[in-house]
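Let me begin by presenting the structure, written as structure tokens, before commenting on it.
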Amino acid sequence: MSKVNIYKCDSYNDEDAKPVIDKIIGFYDELKNIKQGTKVVIKANLVSAMAPEKSATTHPSLLKHLTNYLLAKGCSVVIGDSPGGVYTKPYLNAVYNATKMKETNAQLNDNFETVKTTYENAKLLKTFEYTAYLDNADLLINFSKLKTHGMMGMSASVKNLFGTIPGTLKPEYHYRFPKHEDFANMLIDLNTYFKMPINIIDAIDGMEGNGPTAGKSRHIGCILTSSNPYELDYVASKIIGLVPEEVPTIKESITRELCHPDKIELNDDLNKYLVKDYVLIKAHPLFFMDDKKFVGKVANKLFSNKPVCKENKCVGCGKCASVCPMKAIAMVNKKPHIDRSKCIKCYCCQEFCPVGAMQVKSSLVMKVLHRHK
Ligand code: SF4
Ligand code: SF4
């Protein structure tokens with residue numbers, strides 16, 4: 001049985017945020033009894049060079065309180081992530097600046113080496129390459145952000161570990177695992193490999209709508225934590241109104257007996273934290289049917305969402321075409337043209353569009369279904 005703790009937190013102001021971080025520290029023996037000299041690495045969500053107010057990234061205020069505690073105990077603290085794009089010092093410096101990571105007082109990762117590994121116990125991810133700074137830790141902390149996500153429905157604890165893969169290699173993983181079920185299992189393999197004992201979700205302000213980068217900031221008002229990232233995500237998904245079993249990573253973690261919904265022990269009444277009318281991107285369960293079979297093809301056509309460019313917002317930069325792992329986008333007259341037969345609905349184009357012009361469009365059937373739910 002895992003315990004998931006939810007703490008009300010109204011803002012990122014020190015007087016609201018610090019007491020909650022103190023409660024989280026008190027919850028974990030690993031933090032309460034931490035020894036001087038411990039090397040702590042925090043894997044934050046730094047998906048893009050965006051200001052904290054956009055609610056795409058882990059807020060620096062929360063990281064600062066945790067870092068200050070660890071530094072006072074004589075530990076070293078490194079914060080890192082590898083967003084999409086090149087994994088280099090200049091690129092990450094731009095991300096650190098925009099996301100205000102310098103305010104955290106932690107050392108910001110400046111080791112841009114990568115490590116190739118084999119993982120025999122993985123369900124799918126038998127070989128992979130990850131960011132080397134994670135190896136230089138006695139204690140790993142997964143500190144994510146609660147957001148909607150075009151491909152996976154939501155981004156929180158489990159999805160955050162995709163940032164252990166160097167940015168330039170990420171399209172390759174979409175190519176290797178084009179089915180959402182397989183991509184979810186790949187993410188779970190990353191979580192079972194790194195086994196981060198402390199998982200925290202910044203859900204004071206989350207992102208709704210066209211997440212994980214082009215949605216709107218939405219106040220949720222809490223911070224969640226658990227040693228079990230799958231059960232933590234299960235609870236977080238309910239807070240924003242998702243059906244947990246429709247989120248691919250949660251569905252697969254239940255199948256793999258890593259998430260036991262009936263055994264989750266909560267510290268508080270979940271009903272106090274539920275957010276009404278959170279704008280979601282939902283994947284329908286039928287979406288996971290084999291799309292090589294006739295019935296799967298028809299179901300996918302009827303039920304699945306798809307990326308669509310809002311041409312009046314598009315600035316013709318071509319970023320979507322350059323990040324598409326399937327080379328499904330051609331720029332025609334400075335506008336993206338998507339070859340639907342090649343598209344695997346990974347939503348990299350949506351995630352990396354700098355102006356939010358590429359959006360996830362629900363099928364008509366999905367819209368009707370959701371309206372009547
Ligand atoms: S068009 Fe977009 S969603 Fe489709 S494969 Fe390319 S990047 Fe992924
Ligand atoms: S990334 Fe966005 S703005 Fe750039 S071409 Fe694609 S849709 Fe247009």
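Residues are referred to by chain and number: the chain letter is A, B, ... according to the order shown in the structure tokens, the number counts from 1 in that chain, and ligands are numbered separately from 1 in the order shown.
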* Among segment 186-305 of chain A, which ones does DSSP place in alpha helix (DSSP H), written as number ranges by chain? -> A: 186-194, 229-239, 248-255, 294-303
Keeping C-alpha atoms, export the residues of the selection given above as a compact mmCIF listing (two decimals), in the first residue's frame.
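Below is the file out.txt, written as the result:
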# COMPACT_ATOMS: atom_id res chain seq x y z
CA MET A 186 8.57 2.95 -22.28
CA LEU A 187 7.89 5.77 -19.80
CA ILE A 188 7.09 3.24 -17.08
CA ASP A 189 10.34 1.41 -17.87
CA LEU A 190 12.22 4.67 -17.30
CA ASN A 191 10.50 5.00 -13.92
CA THR A 192 11.28 1.43 -12.89
CA TYR A 193 14.89 1.92 -14.00
CA PHE A 194 15.56 5.11 -12.04
CA PRO A 229 4.81 7.81 -9.01
CA TYR A 230 2.05 5.70 -10.62
CA GLU A 231 -0.36 6.05 -7.71
CA LEU A 232 0.58 9.70 -7.38
CA ASP A 233 -0.44 10.24 -11.02
CA TYR A 234 -3.64 8.27 -10.41
CA VAL A 235 -4.68 10.74 -7.72
CA ALA A 236 -3.50 13.78 -9.69
CA SER A 237 -5.51 12.71 -12.74
CA LYS A 238 -8.69 12.59 -10.65
CA ILE A 239 -8.07 16.09 -9.34
CA PRO A 248 -2.18 5.43 -21.03
CA THR A 249 0.59 5.51 -18.39
CA ILE A 250 -1.91 4.89 -15.57
CA LYS A 251 -3.73 2.14 -17.50
CA GLU A 252 -0.45 0.35 -18.21
CA SER A 253 0.87 0.80 -14.66
CA ILE A 254 -2.30 -0.88 -13.35
CA THR A 255 -1.78 -3.75 -15.81
CA PHE A 294 -10.12 -2.84 -40.02
CA VAL A 295 -12.11 -2.25 -36.81
CA GLY A 296 -9.12 -0.48 -35.27
CA LYS A 297 -8.78 1.76 -38.32
CA VAL A 298 -12.45 2.74 -38.20
CA ALA A 299 -12.37 3.27 -34.42
CA ASN A 300 -9.27 5.40 -34.65
CA LYS A 301 -10.82 7.54 -37.34
CA LEU A 302 -13.99 8.05 -35.31
CA PHE A 303 -12.52 8.46 -31.86
* Please identify the residues whose atoms come within 12 Å of ligand 1, using only C-alpha atoms and all ligand atoms, and report them as JSON, numbers by chain. => {"A": [149, 150, 151, 152, 170, 171, 172, 173, 174, 175, 177, 178, 179, 180, 304, 305, 306, 307, 308, 309, 318, 319, 320, 321, 322, 323, 324, 325, 326, 327, 328, 329, 330, 331, 336, 337, 338, 339, 340, 341, 342, 343, 344, 345, 346, 347, 348, 349, 350, 351, 352, 353, 358, 359, 360, 361]}
* Quick one: of A:Ser55, A:Thr104, A:Thr213, A:Ser362, who's nearest to ligand 2, counting only C-alpha atoms and all ligand atoms? ->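 Under the stated criterion, the closest residue is A:Thr213.
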I'd like the neighbourhood of Gly221 of chain A as a PDB file with N, CA and C atoms, in the first residue's frame, where a residue qualifies if any of its atoms comes within 7 Å (using only C-alpha atoms), though same-chain residues fewer than 4 positions away should be ignored.
ATOM      1  N   LYS A   8      -2.943  21.328   0.609  1.00  0.00           N
ATOM      2  CA  LYS A   8      -3.484  22.569   0.033  1.00  0.00           C
ATOM      3  C   LYS A   8      -2.376  23.617   0.011  1.00  0.00           C
ATOM      4  N   CYS A   9      -2.272  24.336  -1.087  1.00  0.00           N
ATOM      5  CA  CYS A   9      -1.288  25.420  -1.167  1.00  0.00           C
ATOM      6  C   CYS A   9      -1.815  26.452  -2.171  1.00  0.00           C
ATOM      7  N   ASP A  10      -2.104  27.643  -1.679  1.00  0.00           N
ATOM      8  CA  ASP A  10      -2.801  28.618  -2.519  1.00  0.00           C
ATOM      9  C   ASP A  10      -1.914  29.416  -3.451  1.00  0.00           C
ATOM     10  N   ALA A 203       1.268  21.287  -8.256  1.00  0.00           N
ATOM     11  CA  ALA A 203      -0.087  21.473  -8.802  1.00  0.00           C
ATOM     12  C   ALA A 203      -0.733  22.704  -8.154  1.00  0.00           C
ATOM     13  N   ILE A 204       0.080  23.687  -7.836  1.00  0.00           N
ATOM     14  CA  ILE A 204      -0.512  24.942  -7.341  1.00  0.00           C
ATOM     15  C   ILE A 204      -1.190  25.614  -8.539  1.00  0.00           C
ATOM     16  N   ASP A 205      -0.426  25.884  -9.571  1.00  0.00           N
ATOM     17  CA  ASP A 205      -0.992  26.295 -10.858  1.00  0.00           C
ATOM     18  C   ASP A 205      -0.575  25.264 -11.891  1.00  0.00           C
TER      19      ASP A 205
END
* Asked: Near Tyr7 of chain A, counting only C-alpha atoms, which residues have an atom at most 10 Å away, once you skip same-chain residues fewer than 3 positions from it, shown as a ChimeraX atom specification?
  -> /A:10,19-21,23-24,203-204,221-225,267-268,273
What would the file look like if the residues just selected were written as a PDB file, in the first residue's frame with N, CA and C atoms?
ATOM      1  N   ASP A  10      -2.104  27.643  -1.679  1.00  0.00           N
ATOM      2  CA  ASP A  10      -2.801  28.618  -2.519  1.00  0.00           C
ATOM      3  C   ASP A  10      -1.914  29.416  -3.451  1.00  0.00           C
ATOM      4  N   PRO A  19       5.797  26.234   4.223  1.00  0.00           N
ATOM      5  CA  PRO A  19       5.257  25.249   5.176  1.00  0.00           C
ATOM      6  C   PRO A  19       4.882  23.919   4.510  1.00  0.00           C
ATOM      7  N   VAL A  20       4.443  23.979   3.252  1.00  0.00           N
ATOM      8  CA  VAL A  20       4.070  22.731   2.573  1.00  0.00           C
ATOM      9  C   VAL A  20       5.320  21.921   2.234  1.00  0.00           C
ATOM     10  N   ILE A  21       6.344  22.597   1.751  1.00  0.00           N
ATOM     11  CA  ILE A  21       7.600  21.873   1.479  1.00  0.00           C
ATOM     12  C   ILE A  21       8.149  21.282   2.785  1.00  0.00           C
ATOM     13  N   LYS A  23       6.351  20.186   5.245  1.00  0.00           N
ATOM     14  CA  LYS A  23       5.556  18.976   5.520  1.00  0.00           C
ATOM     15  C   LYS A  23       6.047  17.808   4.667  1.00  0.00           C
ATOM     16  N   ILE A  24       6.372  18.104   3.416  1.00  0.00           N
ATOM     17  CA  ILE A  24       6.861  17.040   2.520  1.00  0.00           C
ATOM     18  C   ILE A  24       8.196  16.499   3.039  1.00  0.00           C
ATOM     19  N   ALA A 203       1.268  21.287  -8.256  1.00  0.00           N
ATOM     20  CA  ALA A 203      -0.087  21.473  -8.802  1.00  0.00           C
ATOM     21  C   ALA A 203      -0.733  22.704  -8.154  1.00  0.00           C
ATOM     22  N   ILE A 204       0.080  23.687  -7.836  1.00  0.00           N
ATOM     23  CA  ILE A 204      -0.512  24.942  -7.341  1.00  0.00           C
ATOM     24  C   ILE A 204      -1.190  25.614  -8.539  1.00  0.00           C
ATOM     25  N   GLY A 221      -4.251  24.534  -6.810  1.00  0.00           N
ATOM     26  CA  GLY A 221      -4.199  24.829  -5.380  1.00  0.00           C
ATOM     27  C   GLY A 221      -3.677  23.730  -4.479  1.00  0.00           C
ATOM     28  N   CYS A 222      -2.789  22.870  -4.992  1.00  0.00           N
ATOM     29  CA  CYS A 222      -2.227  21.857  -4.084  1.00  0.00           C
ATOM     30  C   CYS A 222      -0.854  21.379  -4.568  1.00  0.00           C
ATOM     31  N   ILE A 223      -0.172  20.678  -3.673  1.00  0.00           N
ATOM     32  CA  ILE A 223       1.070  19.965  -4.001  1.00  0.00           C
ATOM     33  C   ILE A 223       0.842  18.527  -3.553  1.00  0.00           C
ATOM     34  N   LEU A 224       1.263  17.575  -4.385  1.00  0.00           N
ATOM     35  CA  LEU A 224       1.056  16.160  -4.064  1.00  0.00           C
ATOM     36  C   LEU A 224       2.402  15.457  -3.969  1.00  0.00           C
ATOM     37  N   THR A 225       2.455  14.416  -3.163  1.00  0.00           N
ATOM     38  CA  THR A 225       3.696  13.651  -3.086  1.00  0.00           C
ATOM     39  C   THR A 225       3.440  12.193  -2.748  1.00  0.00           C
ATOM     40  N   ASN A 267      -4.026  11.121   2.603  1.00  0.00           N
ATOM     41  CA  ASN A 267      -3.946  11.822   3.896  1.00  0.00           C
ATOM     42  C   ASN A 267      -5.153  12.729   4.136  1.00  0.00           C
ATOM     43  N   ASP A 268      -5.960  12.935   3.088  1.00  0.00           N
ATOM     44  CA  ASP A 268      -7.043  13.907   3.199  1.00  0.00           C
ATOM     45  C   ASP A 268      -8.171  13.508   2.244  1.00  0.00           C
ATOM     46  N   TYR A 273     -10.178  18.702  -3.218  1.00  0.00           N
ATOM     47  CA  TYR A 273      -9.161  19.193  -4.163  1.00  0.00           C
ATOM     48  C   TYR A 273      -9.608  19.136  -5.629  1.00  0.00           C
TER      49      TYR A 273
END
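In this model, the gap between atom CA of Pro90 of chain A and atom CA of Pro60 of chain A comes to 19.9 Å.
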* Asked: atom CA of Asn210 of chain A and atom CA of Leu280 of chain A are how many Å apart?
  -> 8.2 Å
* To do: Apply DSSP to the backbone of this structure and, from segment 134-359 of chain A, keep only the residues in strand (DSSP E or B); write these as a ChimeraX atom specification.
  => /A:139-149,153-155,198-208,216-226,265-266,306-309,329-332,335-338,358-359
Create the file for the chosen residues now, containing C-alpha atoms and written as an mmCIF file, in the first residue's frame.
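As a result, part_13.cif now contains:
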data_model
loop_
_atom_site.group_PDB
_atom_site.id
_atom_site.type_symbol
_atom_site.label_atom_id
_atom_site.label_comp_id
_atom_site.auth_asym_id
_atom_site.auth_seq_id
_atom_site.Cartn_x
_atom_site.Cartn_y
_atom_site.Cartn_z
ATOM 1 C CA LEU A 139 19.254 10.650 -3.827
ATOM 2 C CA LEU A 140 17.060 11.335 -6.863
ATOM 3 C CA ILE A 141 13.924 13.451 -6.575
ATOM 4 C CA ASN A 142 11.259 13.648 -9.294
ATOM 5 C CA PHE A 143 9.654 17.131 -9.075
ATOM 6 C CA SER A 144 7.101 17.467 -11.871
ATOM 7 C CA LYS A 145 4.296 19.789 -12.965
ATOM 8 C CA LEU A 146 0.636 18.864 -13.471
ATOM 9 C CA LYS A 147 -0.439 19.572 -17.057
ATOM 10 C CA THR A 148 -2.548 18.299 -19.908
ATOM 11 C CA HIS A 149 -0.588 16.532 -22.634
ATOM 12 C CA GLY A 153 -3.540 12.956 -21.803
ATOM 13 C CA MET A 154 -1.593 14.285 -18.868
ATOM 14 C CA SER A 155 1.944 15.110 -17.838
ATOM 15 C CA ILE A 198 10.540 10.833 -3.791
ATOM 16 C CA ASN A 199 7.996 12.134 -6.278
ATOM 17 C CA ILE A 200 6.419 15.553 -5.924
ATOM 18 C CA ILE A 201 3.906 17.259 -8.231
ATOM 19 C CA ASP A 202 3.661 21.030 -8.379
ATOM 20 C CA ALA A 203 -0.087 21.473 -8.802
ATOM 21 C CA ILE A 204 -0.512 24.942 -7.341
ATOM 22 C CA ASP A 205 -0.992 26.295 -10.858
ATOM 23 C CA GLY A 206 -1.232 23.655 -13.570
ATOM 24 C CA MET A 207 -1.723 23.842 -17.306
ATOM 25 C CA GLU A 208 -5.050 23.088 -19.010
ATOM 26 C CA LYS A 216 -3.441 28.082 -20.209
ATOM 27 C CA SER A 217 -2.351 28.392 -16.603
ATOM 28 C CA ARG A 218 -5.099 27.147 -14.279
ATOM 29 C CA HIS A 219 -5.129 27.366 -10.513
ATOM 30 C CA ILE A 220 -5.430 23.931 -8.860
ATOM 31 C CA GLY A 221 -4.199 24.829 -5.380
ATOM 32 C CA CYS A 222 -2.227 21.857 -4.084
ATOM 33 C CA ILE A 223 1.070 19.965 -4.001
ATOM 34 C CA LEU A 224 1.056 16.160 -4.064
ATOM 35 C CA THR A 225 3.696 13.651 -3.086
ATOM 36 C CA SER A 226 4.263 9.897 -2.902
ATOM 37 C CA GLU A 265 -4.049 5.640 1.219
ATOM 38 C CA LEU A 266 -4.766 9.370 1.115
ATOM 39 C CA LYS A 306 -5.358 14.719 -34.278
ATOM 40 C CA PRO A 307 -2.919 17.636 -34.609
ATOM 41 C CA VAL A 308 -4.320 20.553 -36.575
ATOM 42 C CA CYS A 309 -2.623 23.846 -37.446
ATOM 43 C CA ILE A 329 4.911 17.488 -42.079
ATOM 44 C CA ALA A 330 5.833 19.378 -45.223
ATOM 45 C CA MET A 331 5.904 23.161 -45.282
ATOM 46 C CA VAL A 332 3.731 24.374 -48.173
ATOM 47 C CA LYS A 335 2.218 26.538 -43.616
ATOM 48 C CA PRO A 336 2.508 22.963 -42.312
ATOM 49 C CA HIS A 337 0.794 20.264 -44.322
ATOM 50 C CA ILE A 338 0.337 16.989 -42.377
ATOM 51 C CA MET A 358 -0.500 23.518 -33.636
ATOM 52 C CA GLN A 359 -3.350 22.184 -31.530
#
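Atom CA of Leu270 of chain A to atom CA of Lys3 of chain A spans 13.0 Å [interatomic distance, one decimal].
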* Can you work out which one of A:Gly26, A:Pro197, A:Gly167, A:Pro354 has the shortest atom-to-atom distance to ligand 2, counting only C-alpha atoms and all ligand atoms? =>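 Looking only at the distances to ligand 2, the closest residue turns out to be A:Pro354.
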* Within 9 Å of Lys73 of chain A, counting only C-alpha atoms, which residues qualify if same-chain residues fewer than 5 places away don't, as a ChimeraX atom specification? -> /A:34-38,68
* Select, from A:Thr57, A:Thr114, A:Asn121, A:Ser48, the residue with the minimum atom-to-atom distance to Asn93 of chain A, counting only C-alpha atoms. =>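 That would be A:Ser48, the residue with the smallest distance to Asn93 of chain A.
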